[in-house]
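As stored in protein_14.cif (mmCIF, C-alpha atoms and all ligand atoms):
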data_coords
#
loop_
_atom_site.label_atom_id
_atom_site.label_comp_id
_atom_site.auth_asym_id
_atom_site.auth_seq_id
_atom_site.Cartn_x
_atom_site.Cartn_y
_atom_site.Cartn_z
CA MET A 1 80.54 -216.99 190.29
CA GLU A 2 77.00 -216.45 188.98
CA SER A 3 74.75 -217.07 191.93
CA GLN A 4 71.43 -217.49 190.05
CA ILE A 5 72.44 -220.52 188.00
CA PRO A 6 72.36 -223.78 189.98
CA PHE A 7 74.94 -226.53 190.28
CA LEU A 8 73.82 -229.97 189.14
CA ILE A 9 74.63 -232.61 191.78
CA VAL A 10 74.52 -236.22 190.57
CA GLY A 11 73.46 -238.60 193.37
CA GLN A 12 71.41 -238.26 196.54
CA GLY A 13 73.26 -240.64 198.85
CA ILE A 14 74.99 -239.37 201.99
CA ALA A 15 77.46 -237.46 199.77
CA GLY A 16 75.02 -235.67 197.44
CA THR A 17 72.47 -235.03 200.18
CA THR A 18 75.00 -233.52 202.60
CA LEU A 19 76.59 -231.40 199.88
CA ALA A 20 73.20 -230.13 198.65
CA LEU A 21 72.10 -229.22 202.19
CA THR A 22 75.41 -227.41 202.76
CA PHE A 23 74.71 -225.43 199.58
CA TRP A 24 71.21 -224.69 200.86
CA ARG A 25 72.63 -223.48 204.16
CA ASN A 26 74.87 -221.07 202.26
CA ASN A 27 72.32 -219.92 199.68
CA ILE A 28 73.99 -221.63 196.73
CA PRO A 29 71.39 -222.83 194.21
CA PHE A 30 71.49 -226.50 193.15
CA VAL A 31 69.50 -229.28 191.53
CA VAL A 32 70.01 -232.90 192.61
CA ILE A 33 69.50 -235.70 190.12
CA ASP A 34 69.01 -239.23 191.49
CA ARG A 35 67.42 -242.31 190.00
CA GLY A 36 66.27 -243.77 193.34
CA PHE A 37 67.98 -245.55 196.15
CA GLU A 38 68.14 -249.17 194.92
CA LYS A 39 71.90 -249.22 194.43
CA SER A 40 72.78 -246.82 197.21
CA ALA A 41 75.43 -247.76 199.80
CA SER A 42 73.94 -245.05 201.99
CA LEU A 43 70.71 -246.95 202.48
CA VAL A 44 72.48 -250.12 203.63
CA ALA A 45 74.83 -248.23 205.96
CA ALA A 46 74.33 -248.53 209.71
CA GLY A 47 75.18 -244.84 209.96
CA LEU A 48 77.68 -245.27 212.80
CA TYR A 49 80.19 -242.52 213.55
CA ASN A 50 83.05 -243.57 215.80
CA PRO A 51 86.17 -241.49 216.56
CA PHE A 52 88.22 -244.70 216.93
CA THR A 53 88.92 -247.03 214.07
CA GLY A 54 90.15 -250.60 213.45
CA PRO A 55 90.93 -253.41 215.93
CA GLU A 56 93.60 -251.27 217.62
CA MET A 57 91.13 -248.43 218.14
CA LYS A 58 93.35 -245.74 216.59
CA LEU A 59 92.01 -242.21 216.47
CA THR A 60 90.38 -241.76 213.09
CA TRP A 61 91.99 -239.42 210.51
CA ASN A 62 91.18 -235.74 211.12
CA ALA A 63 88.88 -236.72 214.02
CA LYS A 64 88.67 -233.34 215.74
CA ALA A 65 87.61 -231.41 212.63
CA LEU A 66 85.30 -234.16 211.35
CA PHE A 67 83.47 -234.61 214.62
CA GLU A 68 83.08 -230.89 215.23
CA SER A 69 81.62 -230.54 211.77
CA LEU A 70 79.19 -233.47 212.04
CA SER A 71 77.89 -232.40 215.44
CA ASP A 72 77.13 -228.99 213.97
CA PHE A 73 75.64 -230.25 210.70
CA TYR A 74 73.22 -233.08 211.57
CA PRO A 75 71.27 -231.26 214.32
CA TRP A 76 70.94 -228.29 211.92
CA ALA A 77 69.73 -230.65 209.17
CA GLU A 78 67.22 -232.29 211.53
CA GLU A 79 65.70 -228.92 212.25
CA LEU A 80 65.57 -227.91 208.57
CA LEU A 81 64.08 -231.24 207.47
CA ASN A 82 61.83 -231.59 210.52
CA ALA A 83 62.92 -235.19 211.09
CA LYS A 84 64.80 -237.14 213.79
CA PHE A 85 67.81 -239.08 212.53
CA PHE A 86 70.85 -237.99 214.59
CA PHE A 87 71.47 -240.12 217.70
CA PRO A 88 74.61 -239.42 219.78
CA LYS A 89 75.39 -242.60 221.73
CA THR A 90 78.26 -244.23 223.60
CA ILE A 91 80.03 -247.06 221.77
CA TYR A 92 81.35 -249.75 224.12
CA ARG A 93 84.24 -251.93 222.92
CA PRO A 94 85.00 -254.95 225.22
CA PHE A 95 88.66 -256.03 225.29
CA LEU A 96 89.78 -259.50 224.22
CA SER A 97 92.72 -259.81 226.65
CA VAL A 98 94.68 -258.04 229.37
CA TRP A 99 97.30 -257.12 226.76
CA GLU A 100 94.65 -255.46 224.60
CA GLN A 101 93.22 -253.72 227.65
CA ASN A 102 96.62 -252.13 228.40
CA GLU A 103 97.37 -251.21 224.79
CA ILE A 104 94.02 -249.67 223.96
CA LEU A 105 93.59 -247.82 227.25
CA ALA A 106 97.10 -246.35 226.93
CA LYS A 107 96.40 -245.10 223.39
CA ALA A 108 92.93 -243.84 224.27
CA SER A 109 94.30 -241.82 227.20
CA GLU A 110 96.10 -239.66 224.60
CA ASN A 111 92.67 -238.59 223.30
CA PRO A 112 90.57 -238.00 226.43
CA ALA A 113 88.03 -235.87 224.54
CA PHE A 114 86.83 -239.02 222.76
CA VAL A 115 86.74 -241.32 225.80
CA GLY A 116 83.37 -241.64 227.47
CA GLU A 117 81.93 -242.82 230.73
CA GLU A 118 81.66 -246.57 231.29
CA PRO A 119 78.07 -247.91 231.32
CA PRO A 120 77.01 -249.41 234.70
CA LEU A 121 78.52 -252.87 235.35
CA SER A 122 75.11 -254.53 235.67
CA ALA A 123 74.07 -253.19 232.22
CA LEU A 124 77.30 -254.54 230.73
CA SER A 125 77.13 -258.04 232.23
CA GLU A 126 73.53 -258.49 231.05
CA THR A 127 74.36 -257.68 227.44
CA VAL A 128 78.01 -258.23 226.41
CA ASN A 129 80.91 -260.62 227.02
CA ASN A 130 83.56 -258.40 228.63
CA PRO A 131 85.75 -260.34 231.09
CA PHE A 132 88.62 -257.84 230.53
CA GLY A 133 86.57 -254.63 230.68
CA GLY A 134 86.26 -252.30 227.74
CA LEU A 135 86.53 -248.78 226.31
CA SER A 136 83.61 -246.36 226.04
CA THR A 137 83.70 -243.57 223.50
CA SER A 138 82.22 -240.11 223.60
CA GLN A 139 81.23 -237.92 220.61
CA SER A 140 80.05 -241.13 218.91
CA GLY A 141 76.63 -242.32 217.75
CA PHE A 142 74.68 -242.99 214.57
CA VAL A 143 72.61 -241.33 211.87
CA ARG A 144 69.52 -243.22 210.72
CA THR A 145 70.39 -242.87 207.04
CA PRO A 146 67.06 -244.01 205.50
CA VAL A 147 65.24 -241.31 207.52
CA TYR A 148 67.87 -238.68 206.66
CA LEU A 149 67.80 -239.43 202.93
CA GLU A 150 64.02 -239.68 202.68
CA ALA A 151 63.43 -236.45 204.64
CA ALA A 152 65.96 -234.67 202.41
CA ARG A 153 64.35 -236.13 199.29
CA GLN A 154 60.95 -234.78 200.27
CA PHE A 155 62.52 -231.42 201.10
CA PHE A 156 64.31 -231.20 197.73
CA LYS A 157 61.11 -232.23 195.95
CA LYS A 158 59.07 -229.58 197.75
CA SER A 159 61.78 -226.99 197.02
CA ASP A 160 61.72 -227.91 193.33
CA CYS A 161 65.38 -228.89 193.20
CA LEU A 162 65.18 -232.64 192.55
CA LEU A 163 65.15 -234.58 189.29
CA GLU A 164 64.07 -238.16 189.99
CA GLU A 165 65.64 -239.81 186.97
CA GLU A 166 68.75 -241.48 185.59
CA PHE A 167 71.62 -239.08 184.87
CA LEU A 168 72.79 -239.52 181.28
CA GLN A 169 76.38 -238.53 180.57
CA ASN A 170 75.73 -238.05 176.85
CA GLU A 171 73.22 -235.26 177.61
CA VAL A 172 75.99 -233.03 179.06
CA GLU A 173 77.21 -230.18 176.89
CA PHE A 174 79.81 -227.56 177.75
CA ASN A 175 79.62 -223.84 177.08
CA SER A 176 81.82 -220.89 178.04
CA THR A 177 80.15 -220.26 181.44
CA GLY A 178 79.11 -223.71 182.60
CA ILE A 179 77.34 -226.80 181.38
CA THR A 180 74.01 -227.59 179.78
CA TYR A 181 72.09 -230.71 180.77
CA LYS A 182 68.98 -231.57 178.76
CA GLY A 183 68.79 -227.98 177.56
CA LYS A 184 69.11 -226.37 181.04
CA ASN A 185 72.11 -224.32 182.17
CA TYR A 186 74.14 -225.14 185.27
CA GLN A 187 77.26 -223.43 186.60
CA GLY A 188 78.89 -226.76 187.35
CA LEU A 189 78.36 -230.52 187.41
CA ILE A 190 79.26 -232.37 190.63
CA TYR A 191 79.59 -236.15 190.62
CA ALA A 192 78.42 -237.39 194.05
CA ASN A 193 77.24 -240.70 192.66
CA GLY A 194 79.16 -243.19 194.81
CA VAL A 195 80.91 -246.07 193.02
CA ALA A 196 79.31 -244.97 189.73
CA ALA A 197 81.82 -242.07 189.69
CA SER A 198 84.46 -244.61 188.67
CA GLU A 199 82.95 -244.39 185.17
CA GLY A 200 82.85 -241.13 183.20
CA PRO A 201 85.26 -238.19 183.50
CA PHE A 202 86.70 -239.38 186.84
CA GLU A 203 87.61 -242.90 185.71
CA PHE A 204 91.28 -242.09 186.45
CA VAL A 205 90.53 -241.96 190.20
CA PRO A 206 91.71 -245.26 191.78
CA PHE A 207 88.42 -246.41 193.25
CA ARG A 208 88.64 -249.67 195.16
CA PRO A 209 84.97 -250.57 195.71
CA ASN A 210 84.49 -252.44 198.97
CA LYS A 211 81.52 -254.73 199.49
CA GLY A 212 79.85 -254.82 202.89
CA GLU A 213 77.11 -256.99 204.33
CA VAL A 214 74.86 -256.27 207.31
CA LEU A 215 72.21 -258.23 209.21
CA ASN A 216 69.06 -256.94 210.81
CA ILE A 217 68.34 -258.84 214.02
CA SER A 218 65.90 -258.91 216.89
CA TRP A 219 67.52 -259.28 220.34
CA ASP A 220 65.95 -259.65 223.76
CA LYS A 221 68.21 -256.91 225.23
CA SER A 222 68.24 -253.17 224.81
CA PRO A 223 71.48 -251.63 226.06
CA SER A 224 71.83 -247.87 226.31
CA PHE A 225 75.13 -248.12 224.38
CA ILE A 226 76.32 -249.55 221.05
CA PRO A 227 78.25 -252.82 221.58
CA ASN A 228 81.20 -252.99 219.17
CA ARG A 229 83.92 -255.58 218.67
CA LYS A 230 84.43 -256.92 215.14
CA VAL A 231 80.72 -256.13 214.69
CA TYR A 232 78.50 -253.33 215.98
CA LEU A 233 74.80 -253.26 216.88
CA VAL A 234 73.05 -250.06 215.88
CA PRO A 235 69.43 -249.71 217.08
CA LEU A 236 66.71 -249.76 214.39
CA PRO A 237 63.43 -247.87 214.90
CA GLU A 238 61.46 -250.89 216.22
CA PRO A 239 62.22 -251.80 219.87
CA ASN A 240 64.74 -254.64 220.34
CA THR A 241 65.84 -254.57 216.68
CA TYR A 242 69.39 -253.82 215.50
CA LYS A 243 71.52 -253.48 212.41
CA VAL A 244 74.66 -255.61 212.75
CA GLY A 245 77.63 -254.76 210.58
CA ALA A 246 79.70 -255.13 208.75
CA THR A 247 81.88 -257.28 206.51
CA TYR A 248 84.60 -255.74 204.31
CA SER A 249 85.69 -257.23 201.00
CA ASN A 250 87.73 -255.74 198.14
CA SER A 251 87.17 -258.75 195.93
CA PHE A 252 83.65 -259.90 195.16
CA GLU A 253 81.80 -261.51 192.27
CA HIS A 254 78.41 -259.91 192.86
CA THR A 255 76.79 -257.32 195.10
CA GLN A 256 74.21 -259.61 196.76
CA PRO A 257 74.31 -260.90 200.38
CA THR A 258 76.17 -264.22 200.83
CA GLU A 259 76.03 -267.14 203.28
CA LEU A 260 79.73 -266.54 203.99
CA GLY A 261 79.03 -262.95 205.00
CA LYS A 262 76.18 -264.03 207.24
CA ALA A 263 78.35 -266.69 208.91
CA GLU A 264 81.11 -264.14 209.60
CA LEU A 265 78.70 -261.68 211.18
CA THR A 266 76.86 -264.28 213.30
CA ASP A 267 80.17 -265.70 214.52
CA HIS A 268 81.37 -262.28 215.74
CA LEU A 269 77.95 -261.56 217.20
CA ASN A 270 77.99 -264.76 219.26
CA ASN A 271 81.36 -263.73 220.71
CA LEU A 272 80.20 -260.23 221.53
CA ILE A 273 76.71 -260.37 223.00
CA VAL A 274 74.69 -262.50 225.40
CA GLY A 275 70.96 -263.32 225.26
CA ASN A 276 68.69 -264.53 222.47
CA TRP A 277 68.72 -263.06 219.00
CA GLU A 278 67.60 -263.97 215.51
CA VAL A 279 68.25 -262.67 212.01
CA THR A 280 65.35 -260.86 210.35
CA ASN A 281 67.06 -259.47 207.23
CA HIS A 282 70.38 -259.56 205.38
CA LEU A 283 71.60 -256.74 203.09
CA ALA A 284 74.67 -255.83 201.10
CA GLY A 285 76.09 -252.69 199.50
CA VAL A 286 79.28 -251.37 197.93
CA ARG A 287 81.33 -248.65 199.63
CA PRO A 288 82.85 -246.04 197.29
CA ALA A 289 86.35 -246.46 198.70
CA LEU A 290 89.72 -245.39 197.28
CA ALA A 291 93.08 -247.13 197.43
CA ASP A 292 94.43 -244.48 199.86
CA ARG A 293 91.23 -244.53 201.96
CA LYS A 294 90.67 -240.78 201.69
CA PRO A 295 87.79 -238.87 200.11
CA VAL A 296 88.18 -237.40 196.63
CA ILE A 297 87.04 -233.85 196.04
CA GLY A 298 87.58 -231.03 193.58
CA MET A 299 87.67 -229.98 189.96
CA HIS A 300 88.63 -232.25 187.08
CA PRO A 301 92.28 -231.68 185.92
CA GLU A 302 91.17 -230.41 182.49
CA GLN A 303 87.42 -230.60 181.98
CA PRO A 304 85.91 -227.26 183.02
CA PHE A 305 82.97 -226.95 185.43
CA THR A 306 83.25 -230.64 186.36
CA PHE A 307 83.76 -231.70 189.99
CA ILE A 308 83.79 -234.83 192.13
CA PHE A 309 82.56 -235.25 195.70
CA GLY A 310 83.03 -238.84 196.79
CA GLY A 311 85.28 -241.62 197.94
CA LEU A 312 83.66 -241.58 201.37
CA GLY A 313 84.48 -245.28 201.85
CA ALA A 314 83.36 -246.74 205.18
CA LYS A 315 82.91 -243.37 206.89
CA GLY A 316 80.34 -241.42 204.90
CA ILE A 317 78.55 -240.07 207.96
CA SER A 318 81.59 -238.50 209.60
CA LEU A 319 83.37 -237.37 206.41
CA ALA A 320 80.50 -235.83 204.44
CA PRO A 321 79.74 -232.67 206.50
CA TRP A 322 83.39 -231.52 206.75
CA CYS A 323 84.13 -232.38 203.12
CA ALA A 324 81.01 -230.53 201.96
CA VAL A 325 82.16 -227.34 203.69
CA LYS A 326 85.60 -227.77 202.10
CA LEU A 327 84.11 -228.05 198.59
CA PHE A 328 81.74 -225.14 199.22
CA ASN A 329 84.64 -222.92 200.38
CA ASN A 330 86.67 -223.99 197.38
CA LEU A 331 83.90 -223.17 194.90
CA VAL A 332 82.68 -219.95 196.44
CA ASN A 333 85.63 -218.52 198.35
CA ASN A 334 88.45 -219.99 196.23
CA GLU A 335 89.88 -221.69 199.31
CA ILE A 336 92.46 -224.31 198.43
CA LEU A 337 91.36 -227.89 199.11
CA PRO A 338 93.59 -229.94 201.44
CA THR A 339 96.04 -232.00 199.32
CA GLU A 340 95.02 -235.26 201.06
CA ILE A 341 91.48 -235.10 199.70
CA HIS A 342 92.12 -233.19 196.47
CA VAL A 343 91.34 -234.98 193.21
CA LEU A 344 94.55 -233.51 191.76
CA ARG A 345 96.60 -235.98 193.83
CA PHE A 346 95.70 -238.36 190.96
CA LYS A 347 96.73 -235.99 188.16
CA LYS A 348 99.56 -238.28 187.04
CA ARG A 349 97.10 -241.18 186.63
CA TYR A 350 94.90 -238.88 184.58
CA GLN A 351 97.79 -237.94 182.30
CA LEU A 352 98.82 -241.60 181.88
CA LEU A 353 95.25 -242.66 181.10
CA LYS A 354 94.89 -239.82 178.61
CA ALA A 355 98.19 -240.72 176.91
CA SER A 356 97.29 -244.41 176.65
CA THR A 357 93.82 -243.60 175.25
CA LYS A 358 95.45 -241.29 172.69
CA SER A 359 97.97 -243.93 171.60
CA LYS A 360 95.18 -246.54 171.27
CA VAL A 361 93.21 -244.15 169.07
CA LEU A 362 96.29 -243.47 166.91
CA ALA A 363 96.93 -247.22 166.56
CA THR A 364 93.46 -247.90 165.12
C1 LIG B 1 77.33 -252.60 204.62
C2 LIG B 1 77.74 -251.17 204.77
C3 LIG B 1 77.73 -250.58 206.03
C4 LIG B 1 78.13 -249.26 206.18
N1 LIG B 1 78.08 -248.71 207.43
C5 LIG B 1 78.48 -247.42 207.59
C6 LIG B 1 78.42 -246.82 208.87
O1 LIG B 1 78.00 -247.44 209.85
N2 LIG B 1 78.85 -245.53 208.99
C7 LIG B 1 79.30 -244.80 207.91
O2 LIG B 1 79.68 -243.64 208.06
N3 LIG B 1 79.34 -245.35 206.67
C8 LIG B 1 78.96 -246.64 206.50
N4 LIG B 1 79.01 -247.21 205.25
C9 LIG B 1 79.60 -246.42 204.16
C10 LIG B 1 78.60 -245.47 203.56
O3 LIG B 1 77.49 -246.21 203.14
C11 LIG B 1 79.23 -244.71 202.40
O4 LIG B 1 80.35 -243.98 202.82
C12 LIG B 1 78.22 -243.72 201.81
O5 LIG B 1 76.97 -244.29 201.70
C13 LIG B 1 78.66 -243.23 200.46
O6 LIG B 1 77.68 -242.34 200.01
P1 LIG B 1 77.61 -241.81 198.53
O7 LIG B 1 76.52 -240.81 198.49
O8 LIG B 1 78.97 -241.42 198.06
O9 LIG B 1 77.24 -243.11 197.64
P2 LIG B 1 75.85 -243.88 197.50
O10 LIG B 1 75.19 -244.07 198.79
O11 LIG B 1 76.12 -245.11 196.71
O12 LIG B 1 74.92 -242.90 196.67
C14 LIG B 1 75.08 -242.69 195.29
C15 LIG B 1 73.76 -242.19 194.75
O13 LIG B 1 73.97 -241.84 193.38
C16 LIG B 1 72.87 -242.30 192.62
N5 LIG B 1 73.32 -242.49 191.25
C17 LIG B 1 74.41 -243.18 190.81
N6 LIG B 1 74.48 -243.14 189.47
C18 LIG B 1 73.39 -242.44 189.03
C19 LIG B 1 72.89 -242.06 187.75
N7 LIG B 1 73.52 -242.39 186.61
N8 LIG B 1 71.75 -241.35 187.69
C20 LIG B 1 71.08 -240.99 188.81
N9 LIG B 1 71.52 -241.33 190.06
C21 LIG B 1 72.65 -242.03 190.17
C22 LIG B 1 72.45 -243.59 193.31
O14 LIG B 1 71.09 -243.86 193.03
C23 LIG B 1 72.65 -243.26 194.78
O15 LIG B 1 71.49 -242.72 195.36
C24 LIG B 1 78.58 -248.51 205.05
C25 LIG B 1 78.53 -249.09 203.79
C26 LIG B 1 78.12 -250.40 203.63
C27 LIG B 1 78.09 -251.00 202.26
#
Write-out of the structure in structure tokens:
Amino acid sequence: MESQIPFLIVGQGIAGTTLALTFWRNNIPFVVIDRGFEKSASLVAAGLYNPFTGPEMKLTWNAKALFESLSDFYPWAEELLNAKFFFPKTIYRPFLSVWEQNEILAKASENPAFVGEEPPLSALSETVNNPFGGLSTSQSGFVRTPVYLEAARQFFKKSDCLLEEEFLQNEVEFNSTGITYKGKNYQGLIYANGVAASEGPFEFVPFRPNKGEVLNISWDKSPSFIPNRKVYLVPLPEPNTYKVGATYSNSFEHTQPTELGKAELTDHLNNLIVGNWEVTNHLAGVRPALADRKPVIGMHPEQPFTFIFGGLGAKGISLAPWCAVKLFNNLVNNEILPTEIHVLRFKKRYQLLKASTKSKVLAT
């Protein structure tokens, strides 16, 4: 691998930013190209990382490795970027019934490393509806993504490794040692461009974009924990303000916020918290999710020097640091990528797509 020639990373969301910083940490040269954040899921994200997932609070896939990696990466990135965006915090999930209490506590006891200390009873009764008690997590918290992305953007700019412009596929040319983009040489091209990766050389990857809506609210309480049941409340920088998320939808007509989304969130919020609150903003974004809900990483089945780093779905914050190390080790140390996240798990789809494109061309 020629170390002087940079990689070109398309996208500066959570994926591209975390990958680029991992390259920086390991002295791998790169250039990031990003057109701005308008269509970025990362900017809408609440930035929560939670070792438990879904209504049954199952341990999230690969939790131990993911959470070790994120708790190493974000504090390091804060120091490098001289910005504060990593906030470890307990998540408190009130139970809905005695049955749920028994089920969830029994499952959680199998993973004591992720179970935290209960907040004081008085703090709970002042803020959340919890007649059946609840579960507190440890190793959880949130990353303030707008601060993370902006600090990284300034850092990349200062370090002369950012192109603030639209990436144009038709400007890519291949040569025997890498690619050329607008006349400059790169040793590889890495698509970390969120849902936009479903167009271009990785169109065979079964993306299932998932729309999410969030509300910003003001609330007359300020718990020391993150309340979470059907919705979560992640603190925003201003006192007594929170991001409330999120809705999940695989079928949507547009990417704007909807009244239906707002009604769903406010309904869950009314069931979860006590006190006075009001909506101050309403946002929507599209998660780059895959049908099998795993990330997608690695080299294109046939096109040389072309990689993907994406499919982070609803868990960009916890997946990105571990996945970035995996791709780095694959590129530099020839380590084999885990099958579950490898782009080659979709090789058959690629071959089918290629064959059908070929037969269409022959038919015309
Ligand atoms: C409502 C909502 C709430 C969420 N909450 C959480 C949460 O609490 N915790 C969590 O971990 N995850 C959360 N997520 C998921 C998280 O947002 C995603 O996993 C993550 O943002 C994906 O990052 P990405 O970099 O792959 O994609 P994106 O954030 O979409 O970034 C892609 C980047 O590529 C750029 N780009 C695309 N095409 C081009 C081009 N042609 N030229 C130049 N630039 C281009 C875009 O400008 C953008 O900056 C949430 C998502 C939504 C929608």
Practice item. Would you mind telling me which residue in A:Gly194, A:Pro94, A:Gly54, A:Pro223 lies nearest to ligand LIG 1 (chain B) when using only C-alpha atoms and all ligand atoms? Key: A:Gly194
Exercise for review: Pick out the residues no farther than 7 Å from ligand LIG 1 (chain B), counting all atoms listed in the file, and list them as a count of residues only.
Suggested key: 54
Exercise: segment 334-339 of chain A partners within 12 Å, all atoms listed in the file, chain neighbours under 4 positions left out, as a PDB file with C-alpha atoms, keeping the file's coordinate frame:
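Final file, result07.pdb:
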ATOM      1  CA  MET A   1      80.540-216.990 190.290  1.00  0.00           C
ATOM      2  CA  ASN A  62      91.180-235.740 211.120  1.00  0.00           C
ATOM      3  CA  LYS A 294      90.670-240.780 201.690  1.00  0.00           C
ATOM      4  CA  PRO A 295      87.790-238.870 200.110  1.00  0.00           C
ATOM      5  CA  VAL A 296      88.180-237.400 196.630  1.00  0.00           C
ATOM      6  CA  ILE A 297      87.040-233.850 196.040  1.00  0.00           C
ATOM      7  CA  GLY A 298      87.580-231.030 193.580  1.00  0.00           C
ATOM      8  CA  MET A 299      87.670-229.980 189.960  1.00  0.00           C
ATOM      9  CA  PHE A 309      82.560-235.250 195.700  1.00  0.00           C
ATOM     10  CA  TRP A 322      83.390-231.520 206.750  1.00  0.00           C
ATOM     11  CA  CYS A 323      84.130-232.380 203.120  1.00  0.00           C
ATOM     12  CA  ALA A 324      81.010-230.530 201.960  1.00  0.00           C
ATOM     13  CA  VAL A 325      82.160-227.340 203.690  1.00  0.00           C
ATOM     14  CA  LYS A 326      85.600-227.770 202.100  1.00  0.00           C
ATOM     15  CA  LEU A 327      84.110-228.050 198.590  1.00  0.00           C
ATOM     16  CA  PHE A 328      81.740-225.140 199.220  1.00  0.00           C
ATOM     17  CA  ASN A 329      84.640-222.920 200.380  1.00  0.00           C
ATOM     18  CA  ASN A 330      86.670-223.990 197.380  1.00  0.00           C
ATOM     19  CA  VAL A 343      91.340-234.980 193.210  1.00  0.00           C
ATOM     20  CA  LEU A 344      94.550-233.510 191.760  1.00  0.00           C
ATOM     21  CA  ARG A 345      96.600-235.980 193.830  1.00  0.00           C
ATOM     22  CA  PHE A 346      95.700-238.360 190.960  1.00  0.00           C
ATOM     23  CA  LYS A 347      96.730-235.990 188.160  1.00  0.00           C
TER      24      LYS A 347
END
**Study point:** Within 10 Å of Asn111 of chain A using all atoms listed in the file, minus same-chain residues under 3 positions, as a count of residues only
**Key:** 9
Step by step, gather every atom of segment 331-340 of chain A that the file lists, find the box along x, y and z that holds them, add 3 Å on each side, and finally give centre and edge lengths in Å to one decimal, as lines of an AutoDock Vina configuration file.
center_x = 89.4
center_y = -226.9
center_z = 198.2
size_x = 19.4
size_y = 22.7
size_z = 12.5
Surrounding residues of segment 132-140 of chain A excluding itself and chain neighbours under 5 positions, 6 Å, only C-alpha atoms, as an mmCIF file with C-alpha atoms, keeping the file's coordinate frame:
data_model
loop_
_atom_site.group_PDB
_atom_site.id
_atom_site.type_symbol
_atom_site.label_atom_id
_atom_site.label_comp_id
_atom_site.auth_asym_id
_atom_site.auth_seq_id
_atom_site.Cartn_x
_atom_site.Cartn_y
_atom_site.Cartn_z
ATOM 1 C CA TYR A 49 80.190 -242.520 213.550
ATOM 2 C CA ASN A 50 83.050 -243.570 215.800
ATOM 3 C CA PRO A 88 74.610 -239.420 219.780
ATOM 4 C CA LYS A 89 75.390 -242.600 221.730
ATOM 5 C CA THR A 90 78.260 -244.230 223.600
ATOM 6 C CA ILE A 91 80.030 -247.060 221.770
ATOM 7 C CA TYR A 92 81.350 -249.750 224.120
ATOM 8 C CA ARG A 93 84.240 -251.930 222.920
ATOM 9 C CA PRO A 94 85.000 -254.950 225.220
ATOM 10 C CA PHE A 95 88.660 -256.030 225.290
ATOM 11 C CA SER A 97 92.720 -259.810 226.650
ATOM 12 C CA PHE A 114 86.830 -239.020 222.760
ATOM 13 C CA VAL A 115 86.740 -241.320 225.800
ATOM 14 C CA GLY A 116 83.370 -241.640 227.470
ATOM 15 C CA GLU A 118 81.660 -246.570 231.290
#
Practice item. Select, counting all atoms listed in the file, all protein, DNA and RNA residues no farther than 10 Å from (76.0, -258.4, 225.9) in file coordinates, and express the selection as a list in words. Key: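 I get Pro94, Ala123, Leu124, Ser125, Glu126, Thr127, Val128, Asn129, Asn130, Lys221, Ser222, Pro223, Pro227, Leu269, Asn270, Asn271, Leu272, Ile273, Val274 and Gly275 of chain A for the residues within 10 Å of that point.
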Review point. Between atom CA of Ala291 of chain A and atom CA of Ile104 of chain A, what is the spacing in Å?
Key: 26.7 Å
**Study point:** Residue contacts of segment 302-305 of chain A (12 Å, only C-alpha atoms) excluding same-chain residues fewer than 5 positions away, as a count of residues only
**Key:** 31
Point to revise | Given only C-alpha atoms as the counted atoms, nearest of A:Leu319, A:Leu149, A:Ile226, A:Leu19 to Leu66 of chain A | key: A:Leu319
Practice item. Select, from A:Arg293, A:Val234, A:Pro321, A:Ala197, the residue with the minimum atom-to-atom distance to Leu70 of chain A, counting all atoms listed in the file. Key: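 Checking each of A:Arg293, A:Val234, A:Pro321, A:Ala197 against Leu70 of chain A, counting all atoms listed in the file, the winner is A:Pro321.
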Practice item. Give the answer as one residue: which of A:Leu105, A:Pro209, A:Phe142, A:Gln169 has the shortest atom-to-atom distance to His254 of chain A, using all atoms listed in the file? Key: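 Looking only at the distances to His254 of chain A, the closest residue turns out to be A:Pro209.
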Review point. What does the distance from atom CA of Tyr148 of chain A to atom CA of Pro235 of chain A come to in Å, to one decimal?
Key: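 Separation between atom CA of Tyr148 of chain A and atom CA of Pro235 of chain A: 15.3 Å.
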Supply segment 322-328 of chain A as a short mmCIF file (atom, residue, chain, number, x, y, z; two decimals), in the frame of the given file, with N, CA and C atoms built in where the input has gaps.
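Now in out_39.cif:
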data_model
loop_
_atom_site.label_atom_id
_atom_site.label_comp_id
_atom_site.auth_asym_id
_atom_site.auth_seq_id
_atom_site.Cartn_x
_atom_site.Cartn_y
_atom_site.Cartn_z
N TRP A 322 82.14 -232.30 206.83
CA TRP A 322 83.39 -231.52 206.75
C TRP A 322 83.82 -231.35 205.29
N CYS A 323 83.73 -232.45 204.53
CA CYS A 323 84.13 -232.38 203.12
C CYS A 323 83.23 -231.43 202.34
N ALA A 324 81.94 -231.40 202.68
CA ALA A 324 81.01 -230.53 201.96
C ALA A 324 81.37 -229.06 202.18
N VAL A 325 81.76 -228.72 203.41
CA VAL A 325 82.16 -227.34 203.69
C VAL A 325 83.44 -227.00 202.92
N LYS A 326 84.35 -228.00 202.84
CA LYS A 326 85.60 -227.77 202.10
C LYS A 326 85.31 -227.48 200.62
N LEU A 327 84.40 -228.28 200.01
CA LEU A 327 84.11 -228.05 198.59
C LEU A 327 83.39 -226.71 198.41
N PHE A 328 82.46 -226.42 199.30
CA PHE A 328 81.74 -225.14 199.22
C PHE A 328 82.73 -223.97 199.26
#
